[in-house]
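The next block is target.cif, given as mmCIF, C-alpha atoms and all ligand atoms.
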data_coords
loop_
_atom_site.label_atom_id
_atom_site.label_comp_id
_atom_site.auth_asym_id
_atom_site.auth_seq_id
_atom_site.Cartn_x
_atom_site.Cartn_y
_atom_site.Cartn_z
CA MET A 1 14.08 -30.67 39.76
CA SER A 2 16.76 -32.85 38.28
CA GLY A 3 17.94 -32.47 34.74
CA ILE A 4 16.38 -35.82 33.72
CA ALA A 5 12.97 -34.83 35.13
CA GLU A 6 13.09 -31.48 33.28
CA ALA A 7 13.91 -33.24 30.04
CA LEU A 8 11.06 -35.73 30.50
CA LEU A 9 8.64 -32.87 31.27
CA ALA A 10 9.69 -31.00 28.14
CA LEU A 11 9.30 -34.20 26.11
CA ALA A 12 5.84 -34.86 27.52
CA SER A 13 4.78 -31.28 26.83
CA GLY A 14 5.98 -31.58 23.24
CA PHE A 15 4.12 -34.86 22.71
CA ALA A 16 0.98 -33.39 24.29
CA THR A 17 1.03 -30.55 21.76
CA THR A 18 1.49 -33.02 18.91
CA PHE A 19 -1.32 -35.19 20.23
CA ARG A 20 -3.70 -32.22 20.49
CA HIS A 21 -3.06 -31.23 16.89
CA LEU A 22 -3.72 -34.79 15.65
CA PHE A 23 -7.45 -34.26 16.18
CA ARG A 24 -7.76 -30.73 14.81
CA ARG A 25 -9.19 -30.02 11.39
CA PRO A 26 -6.32 -29.26 8.98
CA ILE A 27 -6.13 -25.63 7.85
CA THR A 28 -3.70 -26.21 4.99
CA GLU A 29 -5.05 -24.99 1.65
CA SER A 30 -3.86 -27.12 -1.24
CA TYR A 31 -2.88 -24.65 -3.95
CA PRO A 32 -3.43 -24.81 -6.93
CA GLU A 33 -6.34 -27.25 -6.43
CA TYR A 34 -7.90 -24.71 -4.07
CA LYS A 35 -7.59 -21.01 -4.86
CA ARG A 36 -8.62 -18.73 -2.06
CA PRO A 37 -10.90 -15.93 -3.36
CA LEU A 38 -9.01 -12.69 -2.87
CA PRO A 39 -10.54 -9.30 -2.02
CA VAL A 40 -11.25 -7.11 -5.02
CA ARG A 41 -8.66 -4.57 -3.78
CA SER A 42 -5.80 -7.12 -3.71
CA ARG A 43 -2.78 -5.82 -5.60
CA ALA A 44 -1.49 -8.07 -8.37
CA ARG A 45 -1.54 -7.89 -12.18
CA ILE A 46 -2.08 -4.41 -13.60
CA ILE A 47 -4.62 -3.50 -16.27
CA LEU A 48 -5.45 -0.38 -18.28
CA THR A 49 -9.20 0.16 -18.23
CA CYS A 50 -11.67 1.97 -20.48
CA ASP A 51 -14.29 4.54 -19.48
CA PRO A 52 -18.06 3.84 -19.59
CA ASP A 53 -18.14 5.11 -23.22
CA GLY A 54 -15.67 2.37 -24.19
CA GLU A 55 -12.79 4.80 -24.81
CA GLU A 56 -9.31 4.31 -23.37
CA ARG A 57 -9.01 6.10 -20.06
CA CYS A 58 -5.25 6.59 -20.11
CA VAL A 59 -4.27 10.09 -21.24
CA ALA A 60 -0.53 9.34 -21.14
CA CYS A 61 0.14 11.95 -18.47
CA TYR A 62 3.18 10.05 -17.12
CA LEU A 63 2.04 10.43 -13.49
CA CYS A 64 2.04 6.68 -12.84
CA SER A 65 5.49 6.45 -14.35
CA ALA A 66 6.73 9.29 -12.13
CA ALA A 67 5.16 7.76 -9.01
CA CYS A 68 6.53 4.26 -9.62
CA PRO A 69 9.34 3.65 -7.10
CA VAL A 70 11.08 1.06 -9.29
CA SER A 71 10.66 2.84 -12.65
CA CYS A 72 8.96 -0.08 -14.36
CA ILE A 73 6.39 1.94 -16.36
CA SER A 74 7.23 3.65 -19.63
CA MET A 75 5.09 5.10 -22.39
CA GLN A 76 4.88 7.56 -25.26
CA SER A 77 1.99 9.99 -25.55
CA THR A 78 0.10 10.93 -28.69
CA GLU A 79 -3.03 12.91 -29.53
CA ARG A 80 -6.07 12.14 -31.65
CA GLU A 81 -7.52 14.62 -34.14
CA ASP A 82 -10.34 15.45 -31.71
CA GLY A 83 -7.79 16.51 -29.06
CA ARG A 84 -8.04 13.39 -26.96
CA ARG A 85 -4.68 12.22 -25.58
CA LEU A 86 -3.71 8.60 -25.33
CA ALA A 87 -0.65 6.39 -25.07
CA ALA A 88 0.94 5.48 -28.40
CA TRP A 89 2.61 2.68 -26.51
CA PHE A 90 2.59 1.75 -22.86
CA ARG A 91 4.87 -0.78 -21.19
CA ILE A 92 5.12 -2.31 -17.71
CA ASN A 93 7.98 -4.54 -16.65
CA PHE A 94 6.25 -6.92 -14.25
CA ALA A 95 9.59 -8.47 -13.35
CA ARG A 96 10.47 -5.22 -11.56
CA CYS A 97 7.01 -4.25 -10.28
CA ILE A 98 6.61 -4.54 -6.50
CA TYR A 99 2.79 -4.24 -6.65
CA CYS A 100 2.76 -1.27 -4.31
CA GLY A 101 -0.26 0.36 -5.99
CA LEU A 102 1.30 3.84 -6.15
CA CYS A 103 0.64 4.05 -9.89
CA GLU A 104 -3.06 3.46 -9.29
CA GLU A 105 -3.10 6.10 -6.54
CA ALA A 106 -1.42 8.64 -8.83
CA CYS A 107 -3.64 8.06 -11.88
CA PRO A 108 -6.10 10.95 -12.41
CA THR A 109 -8.28 9.02 -14.85
CA SER A 110 -8.69 5.70 -13.01
CA ALA A 111 -7.06 4.04 -16.03
CA ILE A 112 -4.36 1.98 -14.37
CA GLN A 113 -5.68 -0.51 -11.83
CA LEU A 114 -4.23 -3.43 -9.93
CA THR A 115 -6.29 -6.63 -9.95
CA PRO A 116 -6.30 -9.70 -7.69
CA TYR A 117 -4.99 -11.90 -10.57
CA TYR A 118 -1.57 -13.18 -9.52
CA GLU A 119 -0.95 -16.29 -11.63
CA PHE A 120 1.24 -14.91 -14.39
CA CYS A 121 4.83 -15.89 -13.58
CA GLU A 122 7.10 -16.88 -16.47
CA ARG A 123 10.38 -18.75 -16.76
CA ASP A 124 11.61 -16.31 -19.41
CA ILE A 125 11.93 -12.93 -17.67
CA LEU A 126 11.45 -11.05 -20.95
CA LYS A 127 7.90 -12.41 -21.12
CA MET A 128 7.15 -10.40 -17.96
CA VAL A 129 7.29 -7.20 -20.01
CA ALA A 130 3.70 -6.32 -20.90
CA GLU A 131 2.81 -3.99 -23.77
CA LYS A 132 -0.31 -1.86 -24.07
CA GLU A 133 -2.19 -4.58 -25.99
CA ASN A 134 -1.51 -7.00 -23.10
CA LEU A 135 -2.66 -4.47 -20.49
CA LEU A 136 -5.73 -2.89 -22.10
CA VAL A 137 -9.13 -4.32 -21.13
CA ARG A 138 -12.49 -3.28 -22.55
CA HIS A 139 -14.21 -2.66 -19.22
CA CYS A 140 -14.09 -0.11 -16.39
CA GLY A 141 -12.51 -2.32 -13.71
CA LYS A 142 -13.17 -1.23 -10.13
CA ASP A 143 -14.56 2.15 -11.15
CA PRO A 144 -17.65 1.60 -13.32
CA GLU A 145 -18.69 5.26 -13.64
CA TYR A 146 -15.78 7.66 -13.81
CA ASN A 147 -15.16 9.32 -17.16
CA PHE A 148 -12.26 11.77 -16.98
CA TYR A 149 -13.23 13.68 -20.13
CA ARG A 150 -16.60 14.60 -18.68
CA TYR A 151 -14.67 16.62 -16.05
CA ALA A 152 -11.51 17.43 -17.95
CA GLY A 153 -11.91 21.01 -19.16
CA VAL A 154 -10.25 20.28 -22.50
CA VAL A 155 -11.96 20.46 -25.88
CA THR A 156 -12.73 16.96 -27.14
CA ASN A 157 -15.59 15.14 -28.80
CA VAL A 158 -17.11 14.75 -25.31
CA GLY A 159 -17.53 18.50 -24.90
CA GLY A 160 -15.89 21.90 -25.18
CA LYS A 161 -14.47 24.03 -22.36
CA GLY A 162 -17.20 24.94 -19.88
CA ALA A 163 -19.44 22.09 -21.02
CA HIS A 164 -18.18 19.45 -18.60
CA ALA A 165 -19.68 18.25 -15.33
CA LYS A 166 -19.49 20.86 -12.52
CA GLU A 167 -17.47 23.19 -14.79
CA SER A 168 -18.07 26.94 -15.17
CA ALA A 169 -17.84 28.62 -18.56
CA PRO A 170 -14.33 29.93 -19.36
CA VAL A 171 -13.69 33.49 -18.19
CA ASP A 172 -12.96 36.08 -20.85
CA VAL A 173 -9.86 37.61 -19.28
CA LYS A 174 -10.25 40.79 -21.31
CA SER A 175 -13.54 41.42 -19.54
CA LEU A 176 -11.56 41.64 -16.28
CA LEU A 177 -9.41 44.53 -17.50
CA PRO A 178 -10.08 47.92 -15.88
S1 LIG A 201 2.42 -1.24 -8.54
FE1 LIG A 201 4.13 0.06 -7.78
S2 LIG A 201 5.94 -0.89 -8.64
FE2 LIG A 201 4.22 -1.73 -9.79
S3 LIG A 201 4.01 -0.40 -11.60
FE3 LIG A 201 2.67 0.44 -10.00
S4 LIG A 201 3.92 1.97 -8.93
FE4 LIG A 201 5.33 0.67 -10.09
S1 LIG A 202 -2.30 5.25 -16.54
FE1 LIG A 202 -3.13 7.07 -15.53
S2 LIG A 202 -1.36 8.05 -14.54
FE2 LIG A 202 -0.56 6.57 -16.04
S3 LIG A 202 -0.22 7.81 -17.88
FE3 LIG A 202 -2.26 6.87 -18.04
S4 LIG A 202 -3.63 8.45 -17.22
FE4 LIG A 202 -1.59 9.00 -16.55
#

Can I see the file as structure tokens?
Amino acid sequence: MSGIAEALLALASGFATTFRHLFRRPITESYPEYKRPLPVRSRARIILTCDPDGEERCVACYLCSAACPVSCISMQSTEREDGRRLAAWFRINFARCIYCGLCEEACPTSAIQLTPYYEFCERDILKMVAEKENLLVRHCGKDPEYNFYRYAGVVTNVGGKGAHAKESAPVDVKSLLP
């Protein structure tokens, strides 16, 4: 086949493809007019949730902070008079966050959760730093039942040692002596 014939064939094939697509329904989604509903497990903005009793779930254990590969979580722990731990302050730098979800995986209390909400970009990068009051929500998020202090084994207003779910009474170690 001559070079001219090959070129014409390629041209015809290209036009045929264009022609076929002229009659297809468009699949373009016009954002922001149309916002595709995202699955509930999509990983975007982070929240700090409360347990079913309405108390803050976060016990400021620093596990999320340790698991975070970009070190964008920081906090300071404190303790209430009833022995319940919580974060005195809690900060996430969303400008550094890569939305990997490792903090959520590491959290023993189901406090920190990623949500599908992604529309929170800012021109001023300092506004991407979220404090505890920006992160805390008064609901349980994806986990409507879990209450860490009902399983915790620490003395709080929820119960003393041995009084929690699936927990045995503390062993008197002296009773084990020969
Ligand atoms: S989603 Fe990943 S990067 Fe973002 S705060 Fe959690 S662990 Fe860090
Ligand atoms: S959010 Fe979870 S992992 Fe992070 S400090 Fe609070 S309880 Fe610990």

* Selection as a list in words: residues within 7 Å of (1.5, 3.3, -15.7), counting all atoms listed in the file ->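 Collected hits near the coordinates: Cys64, Ser65, Ile73, Ser74, Ile92, Cys103 and Ile112 of chain A.
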
* Point (6.4, 5.5, -9.1) neighbourhood (10 Å, all atoms listed in the file) written as a ChimeraX atom specification -> /A:62-73,97,100-106

* To do: Kindly give the distance, in Å, that separates CA of Cys121 (chain A) and CA of Ser30 (chain A), rounded to a single decimal.
  => 18.8 Å

* Selected residue of minimal separation from ligand LIG 201 (chain A) among A:Leu114, A:Val173, A:Leu126, A:Cys58, counting only C-alpha atoms and all ligand atoms ->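 Using only C-alpha atoms and all ligand atoms, the shortest distance to ligand LIG 201 (chain A) belongs to A:Leu114.
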
* What is the atom FE2 of ligand LIG 201 (chain A) to CA of Ile98 (chain A) distance in Å? ->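 Between atom FE2 of ligand LIG 201 (chain A) and CA of Ile98 (chain A) the gap is 4.9 Å.
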
* With distances taken over all atoms listed in the file, which of A:Pro37, A:Arg96, A:Leu136, A:Val158 is nearest to ligand LIG 201 (chain A)? ->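 Counting all atoms listed in the file, the residue closest to ligand LIG 201 (chain A) is A:Arg96.
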
Axis-aligned box for all listed atoms of ligand LIG 201 (chain A), 3 Å per side, centre and edges in Å to one decimal, as JSON:
{"center_x": 4.2, "center_y": 0.1, "center_z": -9.7, "size_x": 9.5, "size_y": 9.7, "size_z": 9.8}

* Nearest candidate to ligand LIG 202 (chain A) (options A:Val40, A:Cys50, A:Leu22, A:Ala169; using all atoms listed in the file) ->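 Comparing A:Val40, A:Cys50, A:Leu22, A:Ala169 against ligand LIG 202 (chain A), the winner is A:Cys50.
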
* Grab the atom S2 of ligand LIG 201 (chain A) to CA of Ser42 (chain A) distance for me, in Å with one decimal place. =>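 A separation of 14.2 Å between them.
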
* Asked: Got a sec: who's within 10 Å of Leu48 (chain A), counting only C-alpha atoms, leaving out chain neighbours fewer than 2 positions off, as a PyMOL selection string?
  -> chain A and resi 46+50+56-58+90+110-114+132-141

* Asked: Of the candidates A:Ser175, A:Val59, A:Phe19, A:Phe120, which shows the shortest atom-to-atom distance to Ala44 (chain A), using only C-alpha atoms?
  ->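 Closest to Ala44 (chain A), using only C-alpha atoms: A:Phe120.
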
* When distances are computed from only C-alpha atoms, which of A:Thr18, A:Thr78, A:Asn147, A:Thr115 shows the smallest separation from Asp53 (chain A)? ->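 Of all the options, A:Asn147 lies closest to Asp53 (chain A).
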
* To do: Would you kindly return, as number ranges by chain, each protein, DNA or RNA residue with an atom no farther than 9 Å from any atom of Phe94 (chain A), considering all atoms listed in the file and excluding same-chain residues fewer than 4 positions away?
  => A: 45-46, 72, 98-99, 125, 127-130

* Asked: Between A:Leu177, A:Cys107, A:Ile27, A:Cys61, which has the minimum distance to ligand LIG 201 (chain A) (counting all atoms listed in the file)?
  ->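 Among the listed residues, A:Cys107 lies closest to ligand LIG 201 (chain A).
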
* **Test item: residues at most 12 Å from Lys161 (chain A), all atoms listed in the file, excluding those fewer than 5 positions along its chain, as number ranges by chain** => A: 149-156, 166-171
